[in-house]
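The structure under discussion appears below in the form of structure tokens.
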Amino acid sequence: MLSISVFIDLTGELAEQELKPFDDHWSAYIQSFRTENLTACLTVITHLGSKITYIVVISLLIIISFLKKIGWNYILQVTVVLILSSLTNVLLKDIINRPRPTLEHLVQVTSSSYPSGHSMSAMAFYGFIFYLILRFKKNDLLKVVFSFLCVLMIILIGLSRIYLGVHYPSDVLGGWVAGLLWITLCIVIFNFLDIHKTKEIYQT
């Protein structure tokens, strides 16, 4: 798969220090926009990629699903993609063990740097919701609006990690690619299970 190849190539270049000029240039450029107001704004945005936010959003989706009597299976799928992405991120961080940037951190962090957990989970969570919106939303205007918001969240959460000084740009790219990989794998698996379930229904 393309995303696997890209992630392997990116990680290989990271190990050989080939990404340092790229990281230094874009880190300096993005952080050159630092202002008090923008820092406050991006601090809020970066927390939209935190575990607590995802728990709140999933809980709200469950409540809405119950009240509207909508199938819960898609909420379960989003949750599975997020959990798999998060667990993989922890494993990758432990294996690669890249130190965080040495510049000032504007938010507190504890784990290793690569790949960015916020970027990876944002891609997995909001990216899979983006897929579901394109697949099922019938209202064209709402589809465009919500799809745009999902893409915007993925981009802003990733950029916020660089701006706040807790990740290199290559960390964010690695997180996005790894998150996209889980989206792709899960879509294939979920569609296979749906086809298999449909066949069983017709056979009974």
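Every chain in the structure tokens takes a letter, A first, then B, and so on in the order presented; its residues are numbered from 1, and the ligands are numbered from 1 following the presented order.
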
List every residue of stretch 72-139 of chain A that has an atom at most 7 Å from any atom of stretch 157-174 of chain A, giving for each one its closest atom pair and the distance in Å to one decimal, counting only C-alpha atoms, sorted by chain and then by ascending residue number, as CSV.
```
residue,atom,partner,partner_atom,distance
A:Arg100,CA,A:Val166,CA,6.2
A:Pro101,CA,A:Val166,CA,6.1
A:Leu103,CA,A:Gly165,CA,6.2
A:Glu104,CA,A:Gly165,CA,6.0
A:His105,CA,A:Gly165,CA,4.8
A:Leu106,CA,A:Leu164,CA,5.0
A:Val107,CA,A:Leu164,CA,6.6
A:Ser113,CA,A:His167,CA,6.1
A:Tyr114,CA,A:Asp171,CA,4.8
A:Pro115,CA,A:Asp171,CA,4.6
A:Ser116,CA,A:Asp171,CA,5.0
A:His118,CA,A:Ile157,CA,6.9
A:Ser119,CA,A:Gly158,CA,4.9
```

Q: Using DSSP on the backbone coordinates, identify all residues within chain A classified as alpha helix (DSSP H); present the result as an MDAnalysis selection string.
A: chainID A and resid 2:15 20:31 36:47 51:68 73:96 117:136 140:163 169:203

Just to be explicit: take each residue in the selection above, keep C-alpha atoms, and write the result as a short mmCIF file (atom, residue, chain, number, x, y, z; two decimals), in the first residue's frame.
```cif
data_model
loop_
_atom_site.label_atom_id
_atom_site.label_comp_id
_atom_site.auth_asym_id
_atom_site.auth_seq_id
_atom_site.Cartn_x
_atom_site.Cartn_y
_atom_site.Cartn_z
CA LEU A 2 1.17 3.53 -0.80
CA SER A 3 0.78 4.82 2.77
CA ILE A 4 2.98 2.02 4.13
CA SER A 5 5.68 2.79 1.58
CA VAL A 6 5.54 6.52 2.35
CA PHE A 7 5.76 5.91 6.10
CA ILE A 8 8.71 3.55 5.73
CA ASP A 9 10.53 6.01 3.44
CA LEU A 10 9.82 8.91 5.80
CA THR A 11 11.04 6.95 8.82
CA GLY A 12 14.15 5.85 6.93
CA GLU A 13 15.01 9.43 6.02
CA LEU A 14 14.44 10.40 9.63
CA ALA A 15 16.94 7.79 10.83
CA LYS A 20 16.75 17.95 9.47
CA PRO A 21 16.86 20.82 6.91
CA PHE A 22 13.16 20.33 6.18
CA ASP A 23 12.27 20.25 9.88
CA ASP A 24 14.43 23.25 10.77
CA HIS A 25 13.07 25.39 7.93
CA TRP A 26 9.38 24.73 8.47
CA SER A 27 9.57 24.77 12.26
CA ALA A 28 11.19 28.21 12.16
CA TYR A 29 8.69 29.47 9.57
CA ILE A 30 5.57 28.28 11.42
CA GLN A 31 6.84 29.46 14.82
CA GLU A 36 -0.17 35.74 22.33
CA ASN A 37 -3.62 35.49 20.73
CA LEU A 38 -2.61 32.88 18.14
CA THR A 39 -0.91 30.80 20.83
CA ALA A 40 -4.11 30.82 22.90
CA CYS A 41 -6.14 29.82 19.84
CA LEU A 42 -3.85 26.98 18.76
CA THR A 43 -3.59 25.70 22.31
CA VAL A 44 -7.36 25.21 22.25
CA ILE A 45 -7.16 23.59 18.81
CA THR A 46 -4.40 21.19 19.86
CA HIS A 47 -6.61 19.95 22.71
CA LYS A 51 -8.02 11.72 24.35
CA ILE A 52 -10.49 13.63 26.51
CA THR A 53 -11.97 15.40 23.48
CA TYR A 54 -12.41 12.12 21.62
CA ILE A 55 -14.12 10.54 24.62
CA VAL A 56 -16.51 13.50 24.84
CA VAL A 57 -17.26 13.47 21.10
CA ILE A 58 -17.83 9.70 21.00
CA SER A 59 -20.09 9.94 24.07
CA LEU A 60 -22.15 12.66 22.37
CA LEU A 61 -22.40 10.54 19.21
CA ILE A 62 -23.64 7.61 21.28
CA ILE A 63 -26.29 9.80 22.93
CA ILE A 64 -27.39 11.21 19.54
CA SER A 65 -27.48 7.71 18.09
CA PHE A 66 -29.68 6.54 20.96
CA LEU A 67 -32.07 9.51 20.75
CA LYS A 68 -32.33 9.45 16.96
CA ASN A 73 -22.16 0.36 14.26
CA TYR A 74 -20.55 3.39 12.61
CA ILE A 75 -19.76 4.93 15.99
CA LEU A 76 -18.16 1.62 16.92
CA GLN A 77 -16.11 1.72 13.72
CA VAL A 78 -14.84 5.25 14.44
CA THR A 79 -13.91 4.15 17.96
CA VAL A 80 -12.06 1.07 16.70
CA VAL A 81 -10.05 3.13 14.20
CA LEU A 82 -9.11 5.62 16.93
CA ILE A 83 -8.09 2.92 19.42
CA LEU A 84 -5.98 1.04 16.88
CA SER A 85 -4.30 4.27 15.82
CA SER A 86 -3.57 5.28 19.42
CA LEU A 87 -2.13 1.89 20.38
CA THR A 88 0.04 1.81 17.26
CA ASN A 89 1.28 5.32 17.98
CA VAL A 90 2.44 4.33 21.47
CA LEU A 91 4.27 1.32 20.01
CA LEU A 92 5.93 3.35 17.25
CA LYS A 93 7.03 6.06 19.69
CA ASP A 94 8.65 3.45 21.95
CA ILE A 95 10.44 1.77 19.04
CA ILE A 96 11.67 4.90 17.25
CA GLY A 117 0.13 11.18 18.37
CA HIS A 118 -2.20 14.16 17.98
CA SER A 119 -1.72 14.21 14.20
CA MET A 120 -2.13 10.45 13.89
CA SER A 121 -5.30 10.30 16.00
CA ALA A 122 -6.74 13.38 14.28
CA MET A 123 -6.24 11.78 10.89
CA ALA A 124 -7.72 8.48 12.09
CA PHE A 125 -10.71 10.01 13.89
CA TYR A 126 -11.70 13.01 11.78
CA GLY A 127 -10.50 11.26 8.63
CA PHE A 128 -12.78 8.29 9.17
CA ILE A 129 -15.70 10.59 9.96
CA PHE A 130 -14.87 12.39 6.69
CA TYR A 131 -15.14 9.03 4.90
CA LEU A 132 -18.50 8.28 6.54
CA ILE A 133 -19.84 11.72 5.62
CA LEU A 134 -18.90 11.27 1.97
CA ARG A 135 -20.42 7.82 1.95
CA PHE A 136 -23.74 8.45 3.68
CA ASP A 140 -24.87 18.16 -0.44
CA LEU A 141 -24.42 21.42 1.48
CA LEU A 142 -24.02 19.68 4.84
CA LYS A 143 -21.69 17.16 3.25
CA VAL A 144 -19.42 19.95 1.99
CA VAL A 145 -19.51 21.83 5.31
CA PHE A 146 -18.80 18.85 7.56
CA SER A 147 -16.21 17.41 5.18
CA PHE A 148 -14.39 20.75 5.15
CA LEU A 149 -14.48 20.92 8.96
CA CYS A 150 -12.98 17.43 9.26
CA VAL A 151 -10.12 18.27 6.88
CA LEU A 152 -9.56 21.59 8.62
CA MET A 153 -9.35 19.87 12.02
CA ILE A 154 -6.74 17.42 10.75
CA ILE A 155 -4.59 20.21 9.29
CA LEU A 156 -4.91 22.63 12.21
CA ILE A 157 -4.22 20.04 14.90
CA GLY A 158 -1.07 18.97 13.06
CA LEU A 159 0.14 22.54 12.53
CA SER A 160 -0.60 23.40 16.16
CA ARG A 161 1.88 20.76 17.33
CA ILE A 162 4.66 22.39 15.29
CA TYR A 163 3.64 25.91 16.30
CA PRO A 169 7.07 18.83 10.84
CA SER A 170 8.21 15.31 9.94
CA ASP A 171 6.54 14.04 13.15
CA VAL A 172 3.26 15.50 11.94
CA LEU A 173 3.66 14.09 8.42
CA GLY A 174 4.47 10.67 9.88
CA GLY A 175 1.37 10.86 12.08
CA TRP A 176 -0.86 11.81 9.18
CA VAL A 177 0.45 8.99 6.99
CA ALA A 178 0.16 6.39 9.77
CA GLY A 179 -3.38 7.56 10.59
CA LEU A 180 -4.35 7.35 6.92
CA LEU A 181 -2.99 3.81 6.83
CA TRP A 182 -5.33 2.76 9.63
CA ILE A 183 -8.28 4.44 7.91
CA THR A 184 -7.55 2.52 4.70
CA LEU A 185 -7.08 -0.83 6.45
CA CYS A 186 -10.22 -0.42 8.54
CA ILE A 187 -12.35 0.61 5.56
CA VAL A 188 -11.27 -2.57 3.76
CA ILE A 189 -11.94 -4.72 6.84
CA PHE A 190 -15.31 -3.13 7.66
CA ASN A 191 -16.53 -3.40 4.05
CA PHE A 192 -15.44 -7.04 3.93
CA LEU A 193 -17.38 -7.76 7.14
CA ASP A 194 -20.46 -5.96 5.75
CA ILE A 195 -20.32 -8.04 2.55
CA HIS A 196 -19.86 -11.24 4.53
CA LYS A 197 -22.77 -10.34 6.80
CA THR A 198 -25.00 -9.58 3.81
CA LYS A 199 -24.16 -12.94 2.24
CA GLU A 200 -25.08 -14.73 5.47
CA ILE A 201 -28.43 -12.94 5.59
CA TYR A 202 -29.27 -13.97 2.02
CA GLN A 203 -28.19 -17.56 2.70
#
```

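Straight-line separation from atom CA of A:Trp72 to atom CA of A:Asn139: 20.7 Å.
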
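We find atom CA of A:Ser111 and atom CA of A:Gln17 to be spaced 20.5 Å apart.
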